[in-house]
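Here the structure comes first, spelled out in structure tokens, and everything after it is commentary.
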Amino acid sequence: MTLMAWHPPLWSELLLLVGVATLFLAHWFRRNVLAELKAAPASGRLEQLCQANNLRFLEIRDRLKPRMEPDELAALGRQLNRDYRLLTYLLRHAGAIEGCRLRFIERMLMADFRLVQAWFWLTLRVSERAPLRALQEMISILVRLADSLAARLAPPHAWGASDRAPSAR
């Protein structure tokens with residue numbers, strides 16, 4: 001049986017099946033990303049990492065206000081994109097030192113950053129609250145990625161004696 005021999009109702013059912021599967025995949029993706037953003041606490045090394053690499057997303061988080069002009073938001077969006085590019089570069093190359101690769105959740109966070117960034121630019125001139133929420137989520141993603149980078153650069157076995165759990169004798 002060839003593909004063209006299908007009856008027309010099968011095409012509509014196939015399209016419906018693909019649409020439902022896409023919706024389930026999108027729901028699964030968003031649910032996992034949001035759960036990761038809520039569950040991951042920021043480490044104490046985050047400020048040091050930001051200062052050492054000239055990352056500004058923590059400063060941007062503090063500067064966000066409920067009402068901002070689109071031009072101000074656009075400038076903040078460009079700064080976050082710069083931080084994102086730098087962080088992903090560092091993550092990829094810090095893993096090359098120890099031979100570890102990007103984890104799946106880190107790749108998901110990177111993909112979500114790009115999706116939220118596209119949403120930010122689409123809604124910048126149209127909506128008042130959507131771009132601000134997009135910036136907040138982008139910052140949360142950067143915090144999570146920076147925390148992951150800090151954990152790679154200073155693994156638990158390299159912590160000082162005061163940070164270690166007491167050893168069993």
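Chain identifiers are assigned as A, B, and so on, following the order in which chains appear in the structure tokens; residues are numbered from 1 within each chain, and ligands are numbered from 1 in order of appearance.
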
Q: Compile the contact shell of Ala111 in chain A as a ChimeraX atom specification: residues with an atom at most 10 Å away, counting only C-alpha atoms, same-chain residues fewer than 5 positions apart removed.
A: /A:29,33,105-106,116-117

Q.
When DSSP is applied to the backbone of this structure, which of chain A are assigned alpha helix (DSSP H)? Write them out as a PyMOL selection string.
A. chain A and resi 8-39+46-53+57-63+70-98+104-123+130-153

(Q) Report as an MDAnalysis selection string all protein, DNA and RNA residues lying within 12 Å of range 30-32 of chain A, evaluated on only C-alpha atoms, omitting residues in the same chain fewer than 3 positions from it. (A) chainID A and resid 23:27 35:39 104:106 108:109 111:113 115:116 137

Residues from last step as file, N, CA and C atoms, as a CSV table (one decimal), in the first residue's frame:
```csv
chain,number,residue,atom,x,y,z
A,23,LEU,N,1.8,18.7,21.6
A,23,LEU,CA,1.4,19.3,22.9
A,23,LEU,C,1.9,18.6,24.1
A,24,PHE,N,1.9,17.3,24.1
A,24,PHE,CA,2.4,16.6,25.3
A,24,PHE,C,3.9,16.8,25.4
A,25,LEU,N,4.6,16.8,24.4
A,25,LEU,CA,6.0,17.1,24.4
A,25,LEU,C,6.3,18.5,25.0
A,26,ALA,N,5.6,19.5,24.5
A,26,ALA,CA,5.8,20.8,24.9
A,26,ALA,C,5.5,21.0,26.4
A,27,HIS,N,4.4,20.3,26.9
A,27,HIS,CA,4.0,20.3,28.3
A,27,HIS,C,5.1,19.7,29.1
A,35,ALA,N,10.3,22.9,36.9
A,35,ALA,CA,10.6,22.2,38.2
A,35,ALA,C,12.1,22.3,38.5
A,36,GLU,N,12.9,22.2,37.5
A,36,GLU,CA,14.4,22.4,37.7
A,36,GLU,C,14.7,23.8,38.2
A,37,LEU,N,14.0,24.8,37.7
A,37,LEU,CA,14.3,26.2,38.1
A,37,LEU,C,13.9,26.4,39.6
A,38,LYS,N,12.8,25.7,40.0
A,38,LYS,CA,12.3,25.9,41.4
A,38,LYS,C,13.1,25.0,42.3
A,39,ALA,N,13.6,23.9,41.9
A,39,ALA,CA,14.3,23.0,42.8
A,39,ALA,C,15.7,23.3,43.0
A,104,PHE,N,21.8,16.6,30.3
A,104,PHE,CA,20.5,16.7,29.6
A,104,PHE,C,19.7,17.9,30.1
A,105,ILE,N,19.7,18.1,31.4
A,105,ILE,CA,18.9,19.2,31.9
A,105,ILE,C,19.5,20.6,31.6
A,106,GLU,N,20.8,20.6,31.5
A,106,GLU,CA,21.5,21.8,31.1
A,106,GLU,C,21.2,22.2,29.6
A,108,MET,N,18.4,21.3,28.2
A,108,MET,CA,17.0,21.7,28.2
A,108,MET,C,16.9,23.2,28.6
A,109,LEU,N,17.7,23.5,29.6
A,109,LEU,CA,17.7,24.9,30.1
A,109,LEU,C,18.2,25.9,29.0
A,111,ALA,N,17.9,25.4,25.8
A,111,ALA,CA,16.9,25.5,24.8
A,111,ALA,C,15.7,26.4,25.3
A,112,ASP,N,15.4,26.2,26.5
A,112,ASP,CA,14.3,27.1,27.1
A,112,ASP,C,14.7,28.5,27.1
A,113,PHE,N,16.0,28.8,27.4
A,113,PHE,CA,16.5,30.2,27.3
A,113,PHE,C,16.2,30.8,25.9
A,115,LEU,N,14.0,29.8,23.7
A,115,LEU,CA,12.6,29.9,23.5
A,115,LEU,C,12.0,31.2,24.2
A,116,VAL,N,12.4,31.3,25.5
A,116,VAL,CA,11.9,32.5,26.3
A,116,VAL,C,12.5,33.8,25.7
A,137,GLU,N,12.5,34.9,33.9
A,137,GLU,CA,12.7,33.5,33.7
A,137,GLU,C,14.1,33.3,33.1
```
